[in-house]
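Q: Structure supplied as work_17.cif; contents: mmCIF, N, CA and C atoms.
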```cif
data_protein
#
loop_
_atom_site.label_atom_id
_atom_site.label_comp_id
_atom_site.auth_asym_id
_atom_site.auth_seq_id
_atom_site.Cartn_x
_atom_site.Cartn_y
_atom_site.Cartn_z
N MET A 325 7.81 -81.15 -72.41
CA MET A 325 8.15 -82.01 -73.52
C MET A 325 9.36 -82.86 -73.14
N ARG A 326 9.32 -84.11 -73.54
CA ARG A 326 10.43 -85.02 -73.29
C ARG A 326 10.78 -85.75 -74.58
N GLU A 327 12.07 -85.97 -74.76
CA GLU A 327 12.55 -86.59 -76.00
C GLU A 327 13.66 -87.58 -75.66
N GLU A 328 13.63 -88.71 -76.35
CA GLU A 328 14.68 -89.71 -76.11
C GLU A 328 14.91 -90.52 -77.39
N ASN A 329 16.15 -90.97 -77.56
CA ASN A 329 16.52 -91.76 -78.74
C ASN A 329 16.56 -93.24 -78.39
N PHE A 330 16.09 -94.05 -79.34
CA PHE A 330 16.12 -95.50 -79.20
C PHE A 330 16.54 -96.11 -80.53
N THR A 331 17.24 -97.22 -80.45
CA THR A 331 17.69 -97.91 -81.65
C THR A 331 16.77 -99.08 -81.94
N VAL A 332 16.40 -99.25 -83.20
CA VAL A 332 15.57 -100.38 -83.62
C VAL A 332 16.45 -101.62 -83.55
N VAL A 333 16.09 -102.58 -82.68
CA VAL A 333 16.92 -103.76 -82.48
C VAL A 333 16.35 -105.02 -83.11
N ASN A 334 15.05 -105.02 -83.44
CA ASN A 334 14.51 -106.23 -84.06
C ASN A 334 14.94 -106.32 -85.52
N ALA A 335 15.16 -107.54 -85.97
CA ALA A 335 15.77 -107.80 -87.29
C ALA A 335 14.99 -107.19 -88.46
N GLN A 336 13.69 -107.17 -88.38
CA GLN A 336 12.87 -106.70 -89.50
C GLN A 336 12.53 -105.21 -89.43
N GLY A 337 12.98 -104.52 -88.40
CA GLY A 337 12.70 -103.09 -88.29
C GLY A 337 11.25 -102.81 -87.93
N LEU A 338 10.81 -101.58 -88.20
CA LEU A 338 9.44 -101.20 -87.86
C LEU A 338 8.50 -101.55 -89.01
N HIS A 339 8.23 -102.83 -89.17
CA HIS A 339 7.28 -103.30 -90.17
C HIS A 339 5.87 -103.20 -89.58
N ALA A 340 4.89 -103.79 -90.22
CA ALA A 340 3.49 -103.60 -89.85
C ALA A 340 3.17 -103.98 -88.40
N ARG A 341 3.68 -105.10 -87.93
CA ARG A 341 3.30 -105.55 -86.57
C ARG A 341 3.80 -104.58 -85.50
N PRO A 342 5.11 -104.25 -85.45
CA PRO A 342 5.53 -103.31 -84.42
C PRO A 342 4.94 -101.90 -84.61
N ALA A 343 4.75 -101.50 -85.86
CA ALA A 343 4.13 -100.20 -86.11
C ALA A 343 2.71 -100.19 -85.55
N GLY A 344 2.00 -101.30 -85.72
CA GLY A 344 0.65 -101.43 -85.16
C GLY A 344 0.65 -101.40 -83.65
N GLN A 345 1.64 -102.02 -83.04
CA GLN A 345 1.76 -102.00 -81.57
C GLN A 345 1.96 -100.57 -81.08
N ILE A 346 2.83 -99.84 -81.76
CA ILE A 346 3.09 -98.45 -81.38
C ILE A 346 1.82 -97.62 -81.50
N ALA A 347 1.15 -97.72 -82.65
CA ALA A 347 -0.06 -96.93 -82.89
C ALA A 347 -1.14 -97.25 -81.85
N LYS A 348 -1.29 -98.53 -81.54
CA LYS A 348 -2.30 -98.93 -80.55
C LYS A 348 -1.98 -98.35 -79.18
N GLU A 349 -0.74 -98.46 -78.75
CA GLU A 349 -0.34 -97.93 -77.44
C GLU A 349 -0.44 -96.40 -77.39
N ALA A 350 -0.09 -95.75 -78.50
CA ALA A 350 -0.11 -94.27 -78.53
C ALA A 350 -1.50 -93.73 -78.25
N ARG A 351 -2.51 -94.47 -78.64
CA ARG A 351 -3.89 -94.02 -78.42
C ARG A 351 -4.27 -94.01 -76.94
N ASN A 352 -3.47 -94.66 -76.10
CA ASN A 352 -3.75 -94.70 -74.67
C ASN A 352 -3.20 -93.49 -73.92
N PHE A 353 -2.44 -92.64 -74.61
CA PHE A 353 -1.81 -91.49 -73.96
C PHE A 353 -2.47 -90.19 -74.39
N LYS A 354 -2.57 -89.26 -73.45
CA LYS A 354 -3.09 -87.93 -73.76
C LYS A 354 -2.03 -87.08 -74.45
N SER A 355 -0.77 -87.39 -74.19
CA SER A 355 0.34 -86.64 -74.78
C SER A 355 0.40 -86.87 -76.29
N LYS A 356 0.89 -85.86 -76.99
CA LYS A 356 1.17 -86.01 -78.42
C LYS A 356 2.52 -86.70 -78.51
N VAL A 357 2.57 -87.82 -79.20
CA VAL A 357 3.80 -88.61 -79.33
C VAL A 357 4.19 -88.65 -80.81
N THR A 358 5.44 -88.31 -81.07
CA THR A 358 5.96 -88.27 -82.43
C THR A 358 7.22 -89.12 -82.52
N LEU A 359 7.37 -89.83 -83.63
CA LEU A 359 8.59 -90.58 -83.92
C LEU A 359 9.29 -89.88 -85.07
N SER A 360 10.60 -89.79 -84.99
CA SER A 360 11.35 -89.18 -86.09
C SER A 360 12.68 -89.90 -86.28
N VAL A 361 13.17 -89.82 -87.51
CA VAL A 361 14.46 -90.39 -87.86
C VAL A 361 15.32 -89.24 -88.38
N ALA A 362 16.30 -88.83 -87.59
CA ALA A 362 17.14 -87.68 -87.95
C ALA A 362 17.90 -87.92 -89.26
N ALA A 363 18.33 -89.15 -89.49
CA ALA A 363 19.12 -89.45 -90.68
C ALA A 363 18.37 -89.16 -91.98
N THR A 364 17.03 -89.27 -91.94
CA THR A 364 16.23 -89.04 -93.15
C THR A 364 15.37 -87.79 -93.06
N GLY A 365 15.21 -87.27 -91.84
CA GLY A 365 14.35 -86.10 -91.64
C GLY A 365 12.87 -86.43 -91.60
N LYS A 366 12.52 -87.72 -91.60
CA LYS A 366 11.11 -88.13 -91.60
C LYS A 366 10.54 -88.12 -90.19
N LYS A 367 9.26 -87.72 -90.08
CA LYS A 367 8.55 -87.70 -88.80
C LYS A 367 7.19 -88.36 -88.99
N ALA A 368 6.67 -88.91 -87.87
CA ALA A 368 5.35 -89.53 -87.93
C ALA A 368 4.65 -89.40 -86.59
N ASP A 369 3.36 -89.21 -86.63
CA ASP A 369 2.52 -89.24 -85.44
C ASP A 369 2.48 -90.70 -84.99
N ALA A 370 2.72 -90.94 -83.71
CA ALA A 370 2.76 -92.31 -83.20
C ALA A 370 1.42 -93.02 -83.30
N LYS A 371 0.33 -92.29 -83.49
CA LYS A 371 -0.99 -92.90 -83.61
C LYS A 371 -1.29 -93.36 -85.03
N SER A 372 -0.39 -93.06 -85.96
CA SER A 372 -0.61 -93.37 -87.37
C SER A 372 0.23 -94.56 -87.82
N LEU A 373 -0.42 -95.69 -88.03
CA LEU A 373 0.27 -96.89 -88.49
C LEU A 373 1.02 -96.63 -89.79
N MET A 374 0.35 -96.04 -90.75
CA MET A 374 0.98 -95.78 -92.04
C MET A 374 2.11 -94.76 -91.90
N GLY A 375 1.92 -93.76 -91.06
CA GLY A 375 2.98 -92.78 -90.83
C GLY A 375 4.24 -93.43 -90.29
N ILE A 376 4.07 -94.32 -89.33
CA ILE A 376 5.21 -95.02 -88.74
C ILE A 376 5.92 -95.87 -89.79
N MET A 377 5.16 -96.52 -90.62
CA MET A 377 5.77 -97.37 -91.65
C MET A 377 6.53 -96.54 -92.68
N THR A 378 6.10 -95.31 -92.94
CA THR A 378 6.81 -94.47 -93.91
C THR A 378 8.18 -94.02 -93.39
N LEU A 379 8.43 -94.21 -92.09
CA LEU A 379 9.75 -93.88 -91.55
C LEU A 379 10.81 -94.82 -92.13
N GLN A 380 10.38 -96.01 -92.54
CA GLN A 380 11.28 -97.03 -93.08
C GLN A 380 12.47 -97.28 -92.15
N ALA A 381 12.16 -97.41 -90.86
CA ALA A 381 13.19 -97.63 -89.85
C ALA A 381 13.59 -99.10 -89.81
N LYS A 382 14.77 -99.37 -90.28
CA LYS A 382 15.29 -100.74 -90.33
C LYS A 382 16.11 -101.02 -89.06
N ASN A 383 16.55 -102.26 -88.92
CA ASN A 383 17.41 -102.63 -87.81
C ASN A 383 18.61 -101.69 -87.76
N GLY A 384 18.88 -101.15 -86.57
CA GLY A 384 20.01 -100.25 -86.39
C GLY A 384 19.67 -98.78 -86.53
N THR A 385 18.48 -98.46 -87.00
CA THR A 385 18.05 -97.07 -87.15
C THR A 385 17.79 -96.45 -85.79
N VAL A 386 18.27 -95.22 -85.59
CA VAL A 386 18.00 -94.49 -84.35
C VAL A 386 16.72 -93.68 -84.55
N VAL A 387 15.74 -93.93 -83.68
CA VAL A 387 14.46 -93.24 -83.74
C VAL A 387 14.34 -92.35 -82.50
N THR A 388 13.96 -91.10 -82.73
CA THR A 388 13.72 -90.17 -81.63
C THR A 388 12.24 -90.16 -81.32
N ILE A 389 11.92 -90.41 -80.06
CA ILE A 389 10.53 -90.35 -79.62
C ILE A 389 10.36 -89.07 -78.82
N THR A 390 9.39 -88.27 -79.22
CA THR A 390 9.08 -87.02 -78.53
C THR A 390 7.67 -87.12 -78.00
N ALA A 391 7.51 -86.82 -76.71
CA ALA A 391 6.19 -86.83 -76.09
C ALA A 391 5.97 -85.48 -75.42
N ASP A 392 4.79 -84.93 -75.64
CA ASP A 392 4.48 -83.62 -75.07
C ASP A 392 3.06 -83.65 -74.51
N GLY A 393 2.96 -83.59 -73.19
CA GLY A 393 1.64 -83.62 -72.57
C GLY A 393 1.70 -84.11 -71.14
N PRO A 394 0.54 -84.32 -70.55
CA PRO A 394 0.48 -84.65 -69.12
C PRO A 394 1.08 -86.00 -68.74
N ASP A 395 1.14 -86.94 -69.67
CA ASP A 395 1.68 -88.27 -69.37
C ASP A 395 2.90 -88.58 -70.24
N GLU A 396 3.67 -87.54 -70.55
CA GLU A 396 4.83 -87.70 -71.45
C GLU A 396 5.88 -88.65 -70.89
N ASN A 397 6.12 -88.61 -69.60
CA ASN A 397 7.13 -89.52 -69.02
C ASN A 397 6.72 -90.97 -69.16
N GLU A 398 5.45 -91.25 -68.90
CA GLU A 398 4.95 -92.61 -69.03
C GLU A 398 5.02 -93.07 -70.49
N ALA A 399 4.72 -92.18 -71.41
CA ALA A 399 4.76 -92.53 -72.83
C ALA A 399 6.18 -92.90 -73.25
N ILE A 400 7.15 -92.08 -72.87
CA ILE A 400 8.54 -92.36 -73.23
C ILE A 400 8.98 -93.70 -72.63
N GLU A 401 8.62 -93.95 -71.39
CA GLU A 401 8.99 -95.21 -70.75
C GLU A 401 8.36 -96.40 -71.47
N LYS A 402 7.09 -96.28 -71.82
CA LYS A 402 6.38 -97.38 -72.49
C LYS A 402 7.02 -97.68 -73.85
N PHE A 403 7.20 -96.65 -74.67
CA PHE A 403 7.75 -96.87 -76.01
C PHE A 403 9.22 -97.27 -75.95
N GLY A 404 9.94 -96.73 -75.00
CA GLY A 404 11.34 -97.13 -74.82
C GLY A 404 11.45 -98.61 -74.51
N GLY A 405 10.58 -99.10 -73.65
CA GLY A 405 10.56 -100.52 -73.33
C GLY A 405 10.24 -101.38 -74.54
N MET A 406 9.33 -100.89 -75.36
CA MET A 406 8.96 -101.64 -76.58
C MET A 406 10.15 -101.72 -77.54
N PHE A 407 10.84 -100.60 -77.72
CA PHE A 407 12.01 -100.59 -78.60
C PHE A 407 13.11 -101.49 -78.05
N LYS A 408 13.37 -101.39 -76.76
CA LYS A 408 14.46 -102.18 -76.15
C LYS A 408 14.19 -103.67 -76.22
N SER A 409 12.91 -104.06 -76.14
CA SER A 409 12.56 -105.49 -76.19
C SER A 409 12.46 -106.02 -77.61
N GLY A 410 12.64 -105.16 -78.60
CA GLY A 410 12.52 -105.60 -79.99
C GLY A 410 11.09 -105.95 -80.37
N PHE A 411 10.13 -105.37 -79.64
CA PHE A 411 8.70 -105.60 -79.90
C PHE A 411 8.33 -107.06 -79.78
N GLY A 412 9.07 -107.79 -78.93
CA GLY A 412 8.76 -109.19 -78.68
C GLY A 412 9.17 -110.12 -79.81
N GLU A 413 9.98 -109.62 -80.73
CA GLU A 413 10.43 -110.46 -81.85
C GLU A 413 11.83 -110.97 -81.56
N ASP A 414 12.21 -112.04 -82.22
CA ASP A 414 13.56 -112.59 -82.07
C ASP A 414 14.53 -111.84 -82.96
#
```
With the file now loaded, output its structure as structure tokens.

A:
Amino acid sequence: MREENFTVVNAQGLHARPAGQIAKEARNFKSKVTLSVAATGKKADAKSLMGIMTLQAKNGTVVTITADGPDENEAIEKFGGMFKSGFGED
């Protein structure tokens, strides 16, 4: 199992478009990937668009990504890159 924290840097937070990107990418991994927000105690399966949106992660929110499985390192790297790039938004 691997776990890493990332900060939401895009202005609108994890709204529908970035949540959809996460859910789509999560389906490419064999590992179970979970997103959580320690400040609120909320967790979501990365494959669930609606689950991700219920995190209500706004700009500046720290999200913990946990991956457990055969490709966990690749999953963390992929999602970390997405968070760091702000999901391609300005």

Q: From the set A:Ala381, A:Pro394, A:Lys408, A:Thr388, which residue has the shortest atom-to-atom contact distance to Glu328 in chain A, counting only C-alpha atoms?

A: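 For Glu328 in chain A, the nearest of the candidates is A:Thr388.
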
Q: Using the chain letters and numbers from the file, which residues does the PyMOL selection byres ((chain A and resi 369) around 8) grab, as a list of chain:residue names?

A: A:Ile346, A:Ala347, A:Ala350, A:Lys356, A:Val357, A:Thr358, A:Leu359, A:Ser360, A:Lys367, A:Ala368, A:Ala370, A:Lys371, A:Ser372, A:Leu373, A:Met374, A:Gly375, A:Ile376

Q: Step by step, work through what the PyMOL selection byres ((chain A and resi 331) around 5) selects in the shown file, and finish by giving those residues as JSON, numbers by chain.

A: {"A": [329, 330, 332, 333, 385, 386, 387]}

Q: Select, from A:Ala391, A:Met377, A:Gly410, A:Ala399, the residue with the minimum atom-to-atom distance to Ala340 in chain A, counting only N, CA and C atoms.

A: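 Comparing A:Ala391, A:Met377, A:Gly410, A:Ala399 against Ala340 in chain A, the winner is A:Met377.
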
Q: Neighbours of Lys354 in chain A within 6.5 Å (only N, CA and C atoms; same-chain residues fewer than 5 positions away dropped), as a compact mmCIF listing (two decimals) with N, CA and C atoms, in the coordinates of the input?

A:
```
# COMPACT_ATOMS: atom_id res chain seq x y z
N ASP A 392 4.79 -84.93 -75.64
CA ASP A 392 4.48 -83.62 -75.07
C ASP A 392 3.06 -83.65 -74.51
N GLY A 393 2.96 -83.59 -73.19
CA GLY A 393 1.64 -83.62 -72.57
C GLY A 393 1.70 -84.11 -71.14
N PRO A 394 0.54 -84.32 -70.55
CA PRO A 394 0.48 -84.65 -69.12
C PRO A 394 1.08 -86.00 -68.74
N ASP A 395 1.14 -86.94 -69.67
CA ASP A 395 1.68 -88.27 -69.37
C ASP A 395 2.90 -88.58 -70.24
```

Q: Could you pull out the alpha helix (DSSP H) residues of chain A, going by DSSP on the backbone, and write them as a ChimeraX atom specification?

A: /A:340-350,373-377,396-408

Q: Rounded to one decimal in Å, what is the spacing between CA of Gly384 in chain A and CA of Ser409 in chain A?

A: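 Those two atoms sit 13.7 Å apart.
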
Q: Evaluating the PyMOL selection byres (((chain A and resi 327 and name CA) around 6) and name CA) on the displayed file yields which residues, as a ChimeraX atom specification?

A: /A:326,328,389-390
